[in-house]
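Visitor: Structure: data_31.cif, mmCIF, C-alpha atoms.
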data_entry
#
loop_
_atom_site.group_PDB
_atom_site.id
_atom_site.type_symbol
_atom_site.label_atom_id
_atom_site.label_comp_id
_atom_site.auth_asym_id
_atom_site.auth_seq_id
_atom_site.Cartn_x
_atom_site.Cartn_y
_atom_site.Cartn_z
ATOM 1 C CA MET A 262 19.129 13.287 -29.207
ATOM 2 C CA ALA A 263 17.416 9.942 -29.346
ATOM 3 C CA ARG A 264 14.162 8.362 -28.339
ATOM 4 C CA VAL A 265 13.848 5.333 -26.111
ATOM 5 C CA ILE A 266 10.629 3.393 -25.621
ATOM 6 C CA VAL A 267 9.807 1.577 -22.405
ATOM 7 C CA ASP A 268 6.806 -0.736 -22.470
ATOM 8 C CA VAL A 269 5.459 -1.859 -19.106
ATOM 9 C CA MET A 270 3.006 -4.704 -18.618
ATOM 10 C CA LEU A 271 1.657 -6.435 -15.542
ATOM 11 C CA LYS A 272 3.309 -9.798 -15.028
ATOM 12 C CA PRO A 273 1.165 -12.541 -16.557
ATOM 13 C CA GLU A 274 0.191 -13.940 -13.154
ATOM 14 C CA ILE A 275 -1.156 -10.598 -11.902
ATOM 15 C CA HIS A 276 -4.920 -10.125 -12.223
ATOM 16 C CA ASP A 277 -5.727 -7.316 -14.694
ATOM 17 C CA PRO A 278 -9.294 -6.118 -14.047
ATOM 18 C CA GLN A 279 -8.821 -3.124 -16.345
ATOM 19 C CA GLY A 280 -7.979 -5.429 -19.225
ATOM 20 C CA GLU A 281 -11.061 -7.503 -18.405
ATOM 21 C CA ALA A 282 -13.222 -4.382 -18.457
ATOM 22 C CA VAL A 283 -11.803 -3.429 -21.851
ATOM 23 C CA LEU A 284 -12.533 -6.956 -23.094
ATOM 24 C CA SER A 285 -16.157 -6.715 -21.959
ATOM 25 C CA ALA A 286 -16.530 -3.346 -23.632
ATOM 26 C CA SER A 287 -14.992 -4.731 -26.830
ATOM 27 C CA HIS A 288 -17.582 -7.494 -26.868
ATOM 28 C CA ARG A 289 -20.397 -5.008 -26.221
ATOM 29 C CA LEU A 290 -19.165 -3.096 -29.270
ATOM 30 C CA GLY A 291 -19.409 -6.222 -31.365
ATOM 31 C CA PHE A 292 -15.751 -7.312 -31.453
ATOM 32 C CA GLY A 293 -16.519 -10.832 -30.325
ATOM 33 C CA GLY A 294 -13.358 -12.166 -31.841
ATOM 34 C CA VAL A 295 -11.197 -10.528 -29.177
ATOM 35 C CA THR A 296 -10.614 -13.204 -26.578
ATOM 36 C CA ALA A 297 -8.324 -11.497 -24.080
ATOM 37 C CA VAL A 298 -7.019 -8.029 -23.254
ATOM 38 C CA ARG A 299 -4.127 -6.992 -21.002
ATOM 39 C CA GLN A 300 -3.526 -3.307 -20.431
ATOM 40 C CA GLY A 301 -0.068 -1.795 -19.986
ATOM 41 C CA LYS A 302 1.852 1.471 -20.238
ATOM 42 C CA ARG A 303 4.187 2.911 -22.847
ATOM 43 C CA PHE A 304 6.789 5.540 -21.923
ATOM 44 C CA GLU A 305 8.500 7.583 -24.627
ATOM 45 C CA LEU A 306 11.758 9.089 -23.344
ATOM 46 C CA GLU A 307 13.873 11.670 -25.126
ATOM 47 C CA ILE A 308 17.559 11.414 -24.174
ATOM 48 C CA ASP A 309 20.742 13.373 -24.896
ATOM 49 C CA GLY A 310 23.149 11.562 -27.193
ATOM 50 C CA PRO A 311 22.608 8.265 -28.982
ATOM 51 C CA ALA A 312 20.521 5.339 -27.803
ATOM 52 C CA ASP A 313 23.607 3.145 -27.518
ATOM 53 C CA SER A 314 23.993 0.194 -25.169
ATOM 54 C CA ALA A 315 25.141 2.420 -22.290
ATOM 55 C CA ALA A 316 22.139 4.688 -22.689
ATOM 56 C CA LEU A 317 19.755 1.758 -22.927
ATOM 57 C CA ALA A 318 21.297 0.209 -19.817
ATOM 58 C CA ALA A 319 20.713 3.463 -17.928
ATOM 59 C CA ILE A 320 17.096 3.533 -19.055
ATOM 60 C CA GLU A 321 16.705 -0.078 -17.936
ATOM 61 C CA GLU A 322 17.825 1.004 -14.490
ATOM 62 C CA LEU A 323 15.349 3.899 -14.563
ATOM 63 C CA ALA A 324 12.632 1.454 -15.588
ATOM 64 C CA ARG A 325 13.478 -0.889 -12.707
ATOM 65 C CA GLU A 326 13.635 1.988 -10.224
ATOM 66 C CA LEU A 327 10.694 4.166 -11.259
ATOM 67 C CA LEU A 328 8.812 3.398 -14.463
ATOM 68 C CA ALA A 329 7.856 -0.142 -13.442
ATOM 69 C CA ASN A 330 7.264 -1.913 -10.146
ATOM 70 C CA PRO A 331 9.249 -5.157 -10.559
ATOM 71 C CA VAL A 332 7.069 -6.863 -7.954
ATOM 72 C CA ILE A 333 4.084 -6.850 -10.291
ATOM 73 C CA GLU A 334 5.330 -5.535 -13.646
ATOM 74 C CA GLU A 335 7.820 -6.422 -16.354
ATOM 75 C CA PHE A 336 9.198 -4.132 -19.022
ATOM 76 C CA THR A 337 11.069 -3.929 -22.287
ATOM 77 C CA VAL A 338 13.393 -1.133 -23.402
ATOM 78 C CA SER A 339 14.014 -0.358 -27.044
ATOM 79 C CA ALA A 340 15.426 2.435 -29.144
ATOM 80 C CA GLY A 341 12.569 4.372 -30.714
ATOM 81 C CA MET B 26 3.579 12.599 7.105
ATOM 82 C CA THR B 27 1.816 14.773 4.548
ATOM 83 C CA PHE B 28 2.472 14.426 0.827
ATOM 84 C CA PRO B 29 0.825 16.461 -1.934
ATOM 85 C CA GLY B 30 -2.550 14.738 -2.205
ATOM 86 C CA SER B 31 -2.574 13.127 1.240
ATOM 87 C CA LEU B 32 -6.125 13.084 2.537
ATOM 88 C CA ASP B 33 -6.365 11.376 5.904
ATOM 89 C CA ASP B 34 -3.420 12.976 7.684
ATOM 90 C CA THR B 35 -5.775 15.089 9.807
ATOM 91 C CA ASP B 36 -7.781 12.056 10.907
ATOM 92 C CA ALA B 37 -4.600 10.151 11.674
ATOM 93 C CA ALA B 38 -3.433 13.091 13.823
ATOM 94 C CA ARG B 39 -6.802 13.042 15.585
ATOM 95 C CA ALA B 40 -6.393 9.341 16.313
ATOM 96 C CA VAL B 41 -2.930 9.990 17.767
ATOM 97 C CA ARG B 42 -4.372 12.682 20.027
ATOM 98 C CA TYR B 43 -7.258 10.414 21.026
ATOM 99 C CA ALA B 44 -4.722 7.780 22.020
ATOM 100 C CA GLY B 45 -3.034 10.255 24.348
ATOM 101 C CA ALA B 46 0.008 11.097 22.260
ATOM 102 C CA GLU B 47 1.167 14.281 20.542
ATOM 103 C CA PRO B 48 0.718 14.400 16.782
ATOM 104 C CA VAL B 49 3.617 16.074 14.965
ATOM 105 C CA PRO B 50 3.128 17.139 11.334
ATOM 106 C CA LEU B 51 5.877 15.959 8.978
ATOM 107 C CA TRP B 52 6.228 17.501 5.519
ATOM 108 C CA HIS B 53 7.221 15.553 2.413
ATOM 109 C CA ALA B 54 9.811 18.099 1.299
ATOM 110 C CA ASP B 55 11.665 18.304 4.630
ATOM 111 C CA ARG B 56 14.484 15.866 5.340
ATOM 112 C CA ASP B 57 13.403 15.955 8.968
ATOM 113 C CA LEU B 58 11.552 13.494 11.179
ATOM 114 C CA ARG B 59 11.500 16.091 13.977
ATOM 115 C CA GLY B 60 12.533 13.584 16.634
ATOM 116 C CA VAL B 61 9.233 11.715 16.649
ATOM 117 C CA ASP B 62 8.833 8.315 18.318
ATOM 118 C CA ALA B 63 6.722 6.844 15.517
ATOM 119 C CA VAL B 64 5.562 7.773 12.033
ATOM 120 C CA ILE B 65 2.223 7.355 10.287
ATOM 121 C CA LEU B 66 1.915 7.497 6.502
ATOM 122 C CA PRO B 67 -1.753 8.436 5.997
ATOM 123 C CA GLY B 68 -4.335 7.588 3.377
ATOM 124 C CA GLY B 69 -5.147 9.665 0.334
ATOM 125 C CA PHE B 70 -3.995 10.135 -3.222
ATOM 126 C CA SER B 71 -0.403 11.321 -3.028
ATOM 127 C CA TYR B 72 0.625 12.810 -6.389
ATOM 128 C CA GLY B 73 -2.804 11.906 -7.694
ATOM 129 C CA ASP B 74 -1.794 8.233 -7.843
ATOM 130 C CA TYR B 75 0.235 9.224 -10.920
ATOM 131 C CA LEU B 76 2.451 6.475 -12.399
ATOM 132 C CA ARG B 77 1.413 4.059 -9.620
ATOM 133 C CA CYS B 78 -0.062 4.683 -6.181
ATOM 134 C CA GLY B 79 2.748 5.823 -3.917
ATOM 135 C CA ALA B 80 5.391 5.487 -6.651
ATOM 136 C CA ILE B 81 6.351 9.154 -6.587
ATOM 137 C CA ALA B 82 5.859 9.825 -2.866
ATOM 138 C CA ARG B 83 8.442 7.134 -2.041
ATOM 139 C CA PHE B 84 11.160 9.386 -3.499
ATOM 140 C CA SER B 85 10.254 12.380 -1.292
ATOM 141 C CA PRO B 86 13.075 13.974 0.732
ATOM 142 C CA VAL B 87 11.352 12.953 3.982
ATOM 143 C CA MET B 88 11.421 9.308 2.873
ATOM 144 C CA ALA B 89 15.214 9.510 2.648
ATOM 145 C CA GLU B 90 15.109 10.030 6.420
ATOM 146 C CA LEU B 91 12.327 7.541 7.084
ATOM 147 C CA VAL B 92 13.788 4.499 5.335
ATOM 148 C CA PRO B 93 16.950 4.200 7.471
ATOM 149 C CA ALA B 94 14.981 5.072 10.610
ATOM 150 C CA ALA B 95 12.468 2.320 9.842
ATOM 151 C CA ARG B 96 15.273 -0.153 9.209
ATOM 152 C CA SER B 97 16.676 0.810 12.627
ATOM 153 C CA GLY B 98 13.428 0.029 14.416
ATOM 154 C CA LEU B 99 11.339 3.217 14.355
ATOM 155 C CA PRO B 100 7.651 2.228 14.462
ATOM 156 C CA VAL B 101 6.014 3.108 11.137
ATOM 157 C CA LEU B 102 2.342 2.622 10.234
ATOM 158 C CA GLY B 103 1.183 2.936 6.624
ATOM 159 C CA ILE B 104 -2.574 3.297 6.135
ATOM 160 C CA CYS B 105 -4.030 2.792 2.639
ATOM 161 C CA ASN B 106 -1.916 5.093 0.420
ATOM 162 C CA GLY B 107 0.655 4.916 3.208
ATOM 163 C CA PHE B 108 0.742 1.118 2.804
ATOM 164 C CA GLN B 109 1.202 1.611 -0.942
ATOM 165 C CA ILE B 110 4.112 4.011 -0.312
ATOM 166 C CA LEU B 111 5.785 1.556 2.098
ATOM 167 C CA CYS B 112 5.552 -1.240 -0.522
ATOM 168 C CA GLU B 113 6.935 1.019 -3.262
ATOM 169 C CA ALA B 114 9.757 2.015 -0.884
ATOM 170 C CA HIS B 115 10.480 -1.699 -0.273
ATOM 171 C CA LEU B 116 9.966 -1.319 3.477
ATOM 172 C CA LEU B 117 7.229 -3.922 3.077
ATOM 173 C CA PRO B 118 6.996 -6.786 0.555
ATOM 174 C CA GLY B 119 4.434 -7.106 -2.195
ATOM 175 C CA ALA B 120 2.348 -4.478 -3.951
ATOM 176 C CA LEU B 121 -1.199 -3.150 -4.035
ATOM 177 C CA THR B 122 -3.075 -3.520 -7.302
ATOM 178 C CA ARG B 123 -6.414 -2.453 -8.772
ATOM 179 C CA ASN B 124 -9.442 -3.863 -6.919
ATOM 180 C CA ALA B 125 -10.617 -7.095 -8.501
ATOM 181 C CA GLY B 126 -14.052 -5.762 -9.422
ATOM 182 C CA LEU B 127 -12.588 -2.414 -10.592
ATOM 183 C CA ARG B 128 -14.922 -0.611 -8.193
ATOM 184 C CA PHE B 129 -13.613 1.826 -5.609
ATOM 185 C CA ILE B 130 -14.783 0.207 -2.368
ATOM 186 C CA THR B 131 -16.102 2.290 0.510
ATOM 187 C CA ARG B 132 -17.388 -0.220 3.018
ATOM 188 C CA ASP B 133 -16.996 -1.154 6.661
ATOM 189 C CA VAL B 134 -15.131 -4.461 6.722
ATOM 190 C CA ARG B 135 -14.503 -7.041 9.407
ATOM 191 C CA LEU B 136 -10.841 -7.738 10.004
ATOM 192 C CA THR B 137 -9.183 -10.431 12.060
ATOM 193 C CA VAL B 138 -5.996 -9.497 13.882
ATOM 194 C CA ALA B 139 -3.511 -12.239 13.011
ATOM 195 C CA ASN B 140 -0.337 -10.849 14.611
ATOM 196 C CA THR B 141 -0.359 -9.108 17.991
ATOM 197 C CA ASP B 142 3.434 -8.901 18.286
ATOM 198 C CA THR B 143 3.888 -5.832 16.108
ATOM 199 C CA ALA B 144 4.431 -2.367 17.546
ATOM 200 C CA TRP B 145 0.995 -1.340 16.280
ATOM 201 C CA THR B 146 -1.134 -4.356 17.279
ATOM 202 C CA SER B 147 0.276 -5.399 20.652
ATOM 203 C CA GLY B 148 -2.849 -4.139 22.397
ATOM 204 C CA TYR B 149 -5.183 -6.523 20.583
ATOM 205 C CA ALA B 150 -6.001 -10.114 21.408
ATOM 206 C CA PRO B 151 -4.973 -12.756 18.840
ATOM 207 C CA GLY B 152 -7.879 -13.361 16.486
ATOM 208 C CA GLN B 153 -9.728 -10.255 17.660
ATOM 209 C CA GLN B 154 -12.281 -8.986 15.141
ATOM 210 C CA LEU B 155 -12.330 -5.317 14.189
ATOM 211 C CA LEU B 156 -14.921 -3.349 12.228
ATOM 212 C CA VAL B 157 -13.018 -0.746 10.204
ATOM 213 C CA PRO B 158 -13.772 1.255 7.025
ATOM 214 C CA LEU B 159 -12.163 0.245 3.750
ATOM 215 C CA LYS B 160 -11.899 3.096 1.285
ATOM 216 C CA SER B 161 -9.774 2.331 -1.744
ATOM 217 C CA GLY B 162 -9.639 1.587 -5.466
ATOM 218 C CA GLU B 163 -6.264 -0.153 -5.528
ATOM 219 C CA GLY B 164 -6.250 -2.334 -2.449
ATOM 220 C CA ALA B 165 -5.709 -5.839 -3.808
ATOM 221 C CA TYR B 166 -2.533 -7.114 -2.141
ATOM 222 C CA ALA B 167 -0.324 -9.077 -4.517
ATOM 223 C CA ALA B 168 2.980 -10.887 -4.082
ATOM 224 C CA ASP B 169 4.611 -13.942 -5.608
ATOM 225 C CA PRO B 170 3.798 -17.316 -4.030
ATOM 226 C CA ALA B 171 7.190 -17.570 -2.294
ATOM 227 C CA THR B 172 6.609 -14.215 -0.586
ATOM 228 C CA LEU B 173 3.055 -15.120 0.387
ATOM 229 C CA ASP B 174 4.267 -18.417 1.841
ATOM 230 C CA GLU B 175 6.999 -16.621 3.785
ATOM 231 C CA LEU B 176 4.487 -14.102 5.168
ATOM 232 C CA ASP B 177 2.277 -16.964 6.339
ATOM 233 C CA ARG B 178 5.188 -18.971 7.723
ATOM 234 C CA ALA B 179 6.684 -16.044 9.632
ATOM 235 C CA GLY B 180 3.329 -14.798 10.906
ATOM 236 C CA ARG B 181 3.809 -11.482 9.116
ATOM 237 C CA VAL B 182 0.198 -11.143 7.981
ATOM 238 C CA VAL B 183 -1.041 -8.617 10.536
ATOM 239 C CA VAL B 184 -4.735 -8.335 9.626
ATOM 240 C CA ARG B 185 -6.965 -10.371 7.305
ATOM 241 C CA TYR B 186 -10.389 -9.642 5.847
ATOM 242 C CA ALA B 187 -12.967 -11.697 7.743
ATOM 243 C CA SER B 188 -15.996 -10.791 5.663
ATOM 244 C CA ALA B 189 -16.960 -8.081 3.208
ATOM 245 C CA ALA B 190 -19.728 -6.580 5.320
ATOM 246 C CA PRO B 191 -21.159 -7.030 8.814
ATOM 247 C CA ASN B 192 -24.170 -8.981 7.529
ATOM 248 C CA GLY B 193 -22.749 -9.816 4.128
ATOM 249 C CA PRO B 194 -23.017 -13.197 2.507
ATOM 250 C CA THR B 195 -19.314 -13.298 1.630
ATOM 251 C CA PRO B 196 -17.645 -16.356 3.138
ATOM 252 C CA ASN B 197 -14.957 -15.915 5.798
ATOM 253 C CA GLY B 198 -11.445 -15.226 4.566
ATOM 254 C CA SER B 199 -12.419 -13.573 1.309
ATOM 255 C CA ALA B 200 -11.355 -10.062 0.526
ATOM 256 C CA PRO B 201 -13.771 -7.595 -1.054
ATOM 257 C CA ASN B 202 -10.964 -6.294 -3.267
ATOM 258 C CA GLY B 203 -9.346 -9.580 -4.305
ATOM 259 C CA SER B 204 -6.320 -9.378 -2.007
ATOM 260 C CA ALA B 205 -4.213 -12.519 -2.111
ATOM 261 C CA ARG B 206 -5.057 -14.897 0.763
ATOM 262 C CA GLY B 207 -7.402 -12.284 2.243
ATOM 263 C CA ILE B 208 -4.448 -10.155 3.348
ATOM 264 C CA ALA B 209 -5.440 -6.705 4.621
ATOM 265 C CA GLY B 210 -2.124 -5.772 6.213
ATOM 266 C CA VAL B 211 1.436 -7.058 6.676
ATOM 267 C CA CYS B 212 4.550 -6.211 8.671
ATOM 268 C CA ASN B 213 8.296 -6.318 8.158
ATOM 269 C CA GLU B 214 10.506 -8.936 9.783
ATOM 270 C CA ALA B 215 11.118 -6.856 12.911
ATOM 271 C CA GLY B 216 7.436 -5.977 13.338
ATOM 272 C CA ASN B 217 8.028 -2.220 13.657
ATOM 273 C CA VAL B 218 6.721 -1.407 10.158
ATOM 274 C CA VAL B 219 3.065 -2.248 9.508
ATOM 275 C CA GLY B 220 0.940 -1.450 6.480
ATOM 276 C CA LEU B 221 -2.790 -2.050 6.010
ATOM 277 C CA MET B 222 -5.393 -0.949 3.479
ATOM 278 C CA PRO B 223 -8.366 -0.346 5.857
ATOM 279 C CA HIS B 224 -8.512 2.815 7.956
ATOM 280 C CA PRO B 225 -8.208 2.314 11.731
ATOM 281 C CA GLU B 226 -8.121 6.108 12.182
ATOM 282 C CA HIS B 227 -11.731 6.199 10.943
ATOM 283 C CA ALA B 228 -12.845 3.740 13.657
ATOM 284 C CA ILE B 229 -11.621 5.243 16.915
ATOM 285 C CA ASP B 230 -15.011 6.002 18.479
ATOM 286 C CA PRO B 231 -18.588 4.917 17.714
ATOM 287 C CA LEU B 232 -19.717 8.519 17.193
ATOM 288 C CA THR B 233 -17.572 9.138 14.134
ATOM 289 C CA GLY B 234 -16.945 5.605 12.903
ATOM 290 C CA PRO B 235 -18.494 2.141 12.725
ATOM 291 C CA SER B 236 -16.710 1.225 15.970
ATOM 292 C CA GLY B 237 -13.851 2.204 18.256
ATOM 293 C CA ASP B 238 -11.916 -0.921 17.206
ATOM 294 C CA GLY B 239 -9.199 0.973 15.324
ATOM 295 C CA LEU B 240 -7.957 2.922 18.334
ATOM 296 C CA GLY B 241 -5.862 -0.044 19.407
ATOM 297 C CA PHE B 242 -3.375 0.648 16.598
ATOM 298 C CA PHE B 243 -2.627 4.049 18.070
ATOM 299 C CA THR B 244 -2.563 3.002 21.733
ATOM 300 C CA SER B 245 -0.462 -0.117 21.066
ATOM 301 C CA VAL B 246 2.459 1.881 19.694
ATOM 302 C CA LEU B 247 2.590 3.988 22.861
ATOM 303 C CA GLN B 248 3.682 0.812 24.646
ATOM 304 C CA ALA B 249 6.417 0.277 22.092
ATOM 305 C CA PHE B 250 8.385 3.261 23.377
ATOM 306 C CA ALA B 251 6.826 3.847 26.788
ATOM 307 C CA GLY B 252 9.496 1.713 28.404
ATOM 308 C CA ALA B 253 12.331 2.790 26.133
ATOM 309 C CA GLY B 254 13.923 5.158 28.600
ATOM 310 C CA ARG B 255 12.091 8.240 27.302
#
Spell out the structure here as structure tokens.
Guide:
Amino acid sequence: MARVIVDVMLKPEIHDPQGEAVLSASHRLGFGGVTAVRQGKRFELEIDGPADSAALAAIEELARELLANPVIEEFTVSAG
Amino acid sequence: MTFPGSLDDTDAARAVRYAGAEPVPLWHADRDLRGVDAVILPGGFSYGDYLRCGAIARFSPVMAELVPAARSGLPVLGICNGFQILCEAHLLPGALTRNAGLRFITRDVRLTVANTDTAWTSGYAPGQQLLVPLKSGEGAYAADPATLDELDRAGRVVVRYASAAPNGPTPNGSAPNGSARGIAGVCNEAGNVVGLMPHPEHAIDPLTGPSGDGLGFFTSVLQAFAGAGR
């Protein structure tokens, strides 16, 4: 049993209105020092066996196929 | 085609009937297109927009039948969530993202028909203006510059936003949701697969919609197979 983390973010060139809304709210709360916010997703996957290179490669394929939309998102996979 | 959470399948069926064709219900879990001549993926919130809009619906059993049929020339129209599903299924390029102003937009929008060679727009005149409801929270079309250039070059932008509202101050060509290059709908290379965010099925007669301008989508496709030996 092992845990694998997949972090998904919009590609930098994609407009992120949710992040902008969070930034505005941060400022309204008094956190004026925050200058930019981008919002993404984190997936925590439990897998059978170890998080070896084969397992991570399989999760990368899952990320490309389902967890992220490669047209507008990029992702990283790491053993958790 | 009805998925869990589809909303506008009934109105799409009504539009098909209005156009003089027979609507056939297709179910997401059935690997069966029931011998239809064309397929409509309707609007709504399939799977609650979980993960991403259309991301789960694209893996439905019925889609396993639809994808090869679409690649072989079957006319397919994706409306709103249907457009999102077609992009997720890679039957159309690009993706739909959160509206630029974050607001869910429910508004009648003016569209310009930019391509009248597709199976679904052959009955319109080039440049014809349509008044059709837009009803979406994630309708901002996005694609990389190379894809956008290719869509422009190949004439694969099917409909563009002309203005945000009939009397609105928004300048021509802008999209109320921030869609790249004012793109409201696109087609595949062969022109049999079309996706658009606005709802032509909600504009098939002036009694129940802002206009009857949307009916042309449903009558055009009848010509696509009327002469096909059926």
Visitor: Once the PyMOL selection byres ((chain B) within 12 of (chain A)) is applied to the coordinates I shared, what remains selected? I want it as a ChimeraX atom specification.
Guide: /B:75-84,109-110,112-115,117-128,162-163,165-170,172,202-205
Visitor: Write the selection just made, keeping C-alpha atoms, as a PDB file, in the coordinates of the input?
Guide:
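Printed below is selection.pdb as written:
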ATOM      1  CA  TYR B  75       0.235   9.224 -10.920  1.00  0.00           C
ATOM      2  CA  LEU B  76       2.451   6.475 -12.399  1.00  0.00           C
ATOM      3  CA  ARG B  77       1.413   4.059  -9.620  1.00  0.00           C
ATOM      4  CA  CYS B  78      -0.062   4.683  -6.181  1.00  0.00           C
ATOM      5  CA  GLY B  79       2.748   5.823  -3.917  1.00  0.00           C
ATOM      6  CA  ALA B  80       5.391   5.487  -6.651  1.00  0.00           C
ATOM      7  CA  ILE B  81       6.351   9.154  -6.587  1.00  0.00           C
ATOM      8  CA  ALA B  82       5.859   9.825  -2.866  1.00  0.00           C
ATOM      9  CA  ARG B  83       8.442   7.134  -2.041  1.00  0.00           C
ATOM     10  CA  PHE B  84      11.160   9.386  -3.499  1.00  0.00           C
ATOM     11  CA  GLN B 109       1.202   1.611  -0.942  1.00  0.00           C
ATOM     12  CA  ILE B 110       4.112   4.011  -0.312  1.00  0.00           C
ATOM     13  CA  CYS B 112       5.552  -1.240  -0.522  1.00  0.00           C
ATOM     14  CA  GLU B 113       6.935   1.019  -3.262  1.00  0.00           C
ATOM     15  CA  ALA B 114       9.757   2.015  -0.884  1.00  0.00           C
ATOM     16  CA  HIS B 115      10.480  -1.699  -0.273  1.00  0.00           C
ATOM     17  CA  LEU B 117       7.229  -3.922   3.077  1.00  0.00           C
ATOM     18  CA  PRO B 118       6.996  -6.786   0.555  1.00  0.00           C
ATOM     19  CA  GLY B 119       4.434  -7.106  -2.195  1.00  0.00           C
ATOM     20  CA  ALA B 120       2.348  -4.478  -3.951  1.00  0.00           C
ATOM     21  CA  LEU B 121      -1.199  -3.150  -4.035  1.00  0.00           C
ATOM     22  CA  THR B 122      -3.075  -3.520  -7.302  1.00  0.00           C
ATOM     23  CA  ARG B 123      -6.414  -2.453  -8.772  1.00  0.00           C
ATOM     24  CA  ASN B 124      -9.442  -3.863  -6.919  1.00  0.00           C
ATOM     25  CA  ALA B 125     -10.617  -7.095  -8.501  1.00  0.00           C
ATOM     26  CA  GLY B 126     -14.052  -5.762  -9.422  1.00  0.00           C
ATOM     27  CA  LEU B 127     -12.588  -2.414 -10.592  1.00  0.00           C
ATOM     28  CA  ARG B 128     -14.922  -0.611  -8.193  1.00  0.00           C
ATOM     29  CA  GLY B 162      -9.639   1.587  -5.466  1.00  0.00           C
ATOM     30  CA  GLU B 163      -6.264  -0.153  -5.528  1.00  0.00           C
ATOM     31  CA  ALA B 165      -5.709  -5.839  -3.808  1.00  0.00           C
ATOM     32  CA  TYR B 166      -2.533  -7.114  -2.141  1.00  0.00           C
ATOM     33  CA  ALA B 167      -0.324  -9.077  -4.517  1.00  0.00           C
ATOM     34  CA  ALA B 168       2.980 -10.887  -4.082  1.00  0.00           C
ATOM     35  CA  ASP B 169       4.611 -13.942  -5.608  1.00  0.00           C
ATOM     36  CA  PRO B 170       3.798 -17.316  -4.030  1.00  0.00           C
ATOM     37  CA  THR B 172       6.609 -14.215  -0.586  1.00  0.00           C
ATOM     38  CA  ASN B 202     -10.964  -6.294  -3.267  1.00  0.00           C
ATOM     39  CA  GLY B 203      -9.346  -9.580  -4.305  1.00  0.00           C
ATOM     40  CA  SER B 204      -6.320  -9.378  -2.007  1.00  0.00           C
ATOM     41  CA  ALA B 205      -4.213 -12.519  -2.111  1.00  0.00           C
TER      42      ALA B 205
END
Visitor: Using all atoms listed in the file, which of the listed residues (B:Arg42, B:Arg181, B:Arg206, B:His227) sits closest to Thr141 in chain B?
Guide: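 Between B:Arg42, B:Arg181, B:Arg206, B:His227, the residue approaching Thr141 in chain B most closely is B:Arg181.
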Visitor: One decimal, Å: what's the distance from CA of Gly103 in chain B over to CA of Asp174 in chain B, could you say?
Guide: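 Taking CA of Gly103 in chain B as the start and CA of Asp174 in chain B as the end point, the length is 22.1 Å.
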Visitor: Report, in Å to a single decimal, how far apart CA of Pro50 in chain B and CA of Met26 in chain B are.
Guide: 6.2 Å
Visitor: Would you kindly return, as a PyMOL selection string, each protein, DNA or RNA residue with an atom no farther than 8 Å from any atom of range 55-61 of chain B, considering only C-alpha atoms and excluding same-chain residues fewer than 2 positions away?
Guide: chain B and resi 49+51-53+63-64+86-91
Visitor: Evaluate the PyMOL selection byres ((chain B and resi 133) around 12) against this structure - the residues, as a VMD selection string, please.
Guide: chain B and resid 130 to 132 134 to 136 155 to 161 186 to 193 201 223 to 225 227 to 228 234 to 236 238 to 239
Visitor: Hey, what's within 8 Å of Ala340 in chain A if we count all atoms listed in the file and toss same-chain stuff fewer than 3 positions away? As a list in words, please?
Guide: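 Those residues are Ala263, Arg264, Val265, Ile266, Ala312 and Leu317 of chain A.
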Visitor: What does the distance from CA of Gly241 in chain B to CA of Leu102 in chain B come to in Å, to one decimal?
Guide: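 Here the two named atoms are 12.6 Å from each other.
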Visitor: With a distance cut-off of 12 Å and only C-alpha atoms, select the neighbouring residues of Ala286 in chain A, excluding the residue or stretch itself and same-chain residues fewer than 6 positions from it, and output the selection as a PyMOL selection string.
Guide: chain A and resi 279-280+292-293+295-298
Visitor: Write out, as a PDB file, in the frame of the given file, the residues just selected, with C-alpha atoms.
Guide:
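selection.pdb, written as the output of this step:
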ATOM      1  CA  GLN A 279      -8.821  -3.124 -16.345  1.00  0.00           C
ATOM      2  CA  GLY A 280      -7.979  -5.429 -19.225  1.00  0.00           C
ATOM      3  CA  PHE A 292     -15.751  -7.312 -31.453  1.00  0.00           C
ATOM      4  CA  GLY A 293     -16.519 -10.832 -30.325  1.00  0.00           C
ATOM      5  CA  VAL A 295     -11.197 -10.528 -29.177  1.00  0.00           C
ATOM      6  CA  THR A 296     -10.614 -13.204 -26.578  1.00  0.00           C
ATOM      7  CA  ALA A 297      -8.324 -11.497 -24.080  1.00  0.00           C
ATOM      8  CA  VAL A 298      -7.019  -8.029 -23.254  1.00  0.00           C
TER       9      VAL A 298
END
